[in-house]
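A.B. asks: Have a look at the structure that comes next, please.
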Amino acid sequence: MSNHKQNLYIYNSLSGQKEKFEPINTGHVGMYVCGPTLYSEPHMGNMRTFINFDMIYRYLLLHYKVKYVRNITDAGHITNSAGEEVDSIGKAARSEQLQSLEIVYKYNVKFQELQRIYNLLPPSIEPTATAHIEEQIEIIEKIIENGFAYIVNGSVYFDVKKYSEAFEYGTLSGRKIEELSEETRALNAQEEKHFFADFALWKKGSPDDMQIWRSPWGNGNPGWHIECTAMSTKYLGKHFDIHGGGMDLKFPHHEDEIAQNCGSLGCNPAKYWMHANMLNVNGQKMSKSLGNFFLPKEIVEGTTQLFTKPYSPNVIRFFMMQAHYRSNLDFTEDALNAAEKGFSRLTDAFHLIEKLKTSAQTSFNVQELVSSFYTAMDDDFNAPILIANIFEAVKRINLINDGNDTITQEDLNLLATALKTFLFDVLALQIGTLNNDSKLSPVMDLVLELRQEAREKKDWSTSDKIRDGLAAAGIVVKDGKEGTSWS
RNA sequence: GGUCUCGUGGCCGAGCGGUUAGGCACCGGUCUGCAAAACCGUCUACUCCGGUUCGAAUCCGGACGAGACCUCCA
């Protein structure tokens with residue numbers, strides 16, 4: 001852990017302000033983030049949220065012992081646009097002609113693979129909804145006991161009106177129940193509800209349900225929101241430090257989680273609520289319903305129509321980190337290309353570090369530069385500022401290399417360590433070694449030697465032929481002061 | 001219709017009352033057989049109209065424009 005003095009401020013969605021971060025238990029942080037629903041392969045927008053919380057997790061890890069819980073939704077009924085309760089996983093299972101469990105397994109394998117590709121740290125625990133039916137039932141029972149839920153025909157609904165007599169509903173999303181539009185309701189299954197804003201805690205099973213569980217109210221399925229309450233309580237307690245998720249989960253999901261937690265355990269589950277912003281493509285939120293999404297694997301493999309070439313996961317991650325987690329980010333080819341070049345400049349400078357000559361004195365303030373990395377991140381995880389400051393270090397490294405700045409061995413160590421910490425441990429960028437394609441390397445050495453011989457004989461047509469031929473094969477020849485390299 | 005967020009230079013994107021954000025591109029230079037690459041330097045913007053202030057991209061009001069949520073989505 002870092003000995004940097006922690007002075008972290010976090011934007012709390014609950015208050016709409018940056019607040020000083022003070023963990024409930026000194027030195028420890030409990031964080032819960034809403035994970036994916038495994039009815040399809042996570043798209044790039046999903047990944048942005050997980051990547052952002054991975055960055056947040058990683059920075060917290062520098063200073064605290066962190067328990068990071070991210071659930072996997074493999075069951076649960078949600079309410080669709082027609083006001084019907086729908087089992088999204090069951091629906092996917094039917095359309096793919098698989099069992100629910102097969103669907104969940106299939107997409108979980110893909111999700112785990114994506115986490116590897118994008119270098120996400122595994123959470124401390126990744127609990128699934130289906131493994132916590134008991135706990136969900138217990139929470140529902142408590143809510144009923146407290147008088148905030150009612151049973152209708154084998155289903156259980158949360159009673160928002162009763163609840164708002166004791167607690168305030170809508171504190172997170174800033175919504176007031178009177179203001180919630182009523183027009184779309186009073187349809188189909190809605191008839192069972194006393195009030196349009198009520199939501200299902202338990203839904204009575206139907207004969208075509210693929211997954212079904214026993215409960216005190218008969219066989220059925222849990223509602224969508226209750227799993228998070230059950231699992232966060234089980235692993236982090238009834239009140240923990242950080243609850244995160246995508247902006248779009250704020251309402252109704254997180255709002256209802258708060259209601260469930262208050263309704264059963266008497267308190268808001270989290271001290272700090274954090275919401276990551278959406279990913280835009282062509283100015284619009286990337287989402288399944290709009291069909292303008294691409295898969296995290298497609299962009300890495302270059303198989304999406306939206307982009308003309310593939311981008312490495314590092315470049316994608318670097319690109320994402322250049323925008324603040326609470327801002328929208330528009331994916332465009334130009335922006336991605338700019339990020340790719342910037343990342344390569346960063347990489348080049350990083351490789352220069354070990355070749356740098358040290359001096360008796362340092363010509364700039366290394367301590368200040370290093371602490372600027374922490375200051376940036378302490379301000380609500382401002383990764384774009386961190387990167388800007390890292391580029392200040394890049395410039396210094398290049399200036400030292402050119403002999404226009406000097407650095408002592410001690411300061412160089414300090415800078416190198418800090419860069420490694422932030423580049424590798426926080427931003428999770430993987431910077432490999434140069435020209436590490438061992439098979440190609442000897443071949444390239446030979447080719448470049450031949451070209452060098454031609455150049456010495458001033459046989460420009462041969463040397464240019466080699467250079468152009470390599471360029472056509474996607475290999476760039478770089479003539480530098482200390483010889484020729486390639487990439 | 002309701003709630004909310006946002007409008008920054010060619011592009012992406014920070015900042016949120018006074019100081020150069022940063023990256024990419026452009027331009028100039030160093031290097032080079034010529035290029036490319038690399039490095040250095042330069043470029044100085046905040047939708048519009050009012051107001052507050054010694055001072056506003058930053059605060060307040062209005063207009064226009066964009067987006068999110070209100071129904072599943074990270």
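Each chain of the structure tokens is named A, B, ... in the order shown, its residues numbered from 1; ligands are numbered from 1 in display order.
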Can you tell me, as an MDAnalysis selection string, what residues are no more than 9 Å from U53 of chain B when counting only C-alpha atoms (C1' of nucleotides), ignoring any on the same chain fewer than 2 positions away?

C.D. replies: chainID B and resid 17 55:56

A.B. asks: Once you count only C-alpha atoms (C1' of nucleotides), which residues of chain B turn out to be within 9 Å of chain A? Could you give them as an NGL selection string?

C.D. replies: :B and (2-4 or 11-14 or 21-25 or 31-34 or 36-40 or 66-74)

A.B. asks: Pull the helix (DSSP H, G or I) assignments for segment 284-396 of chain A out of DSSP run on the backbone, and list those residues as a PyMOL selection string.

C.D. replies: chain A and resi 296-301+313-321+333-355+366-378+383-396
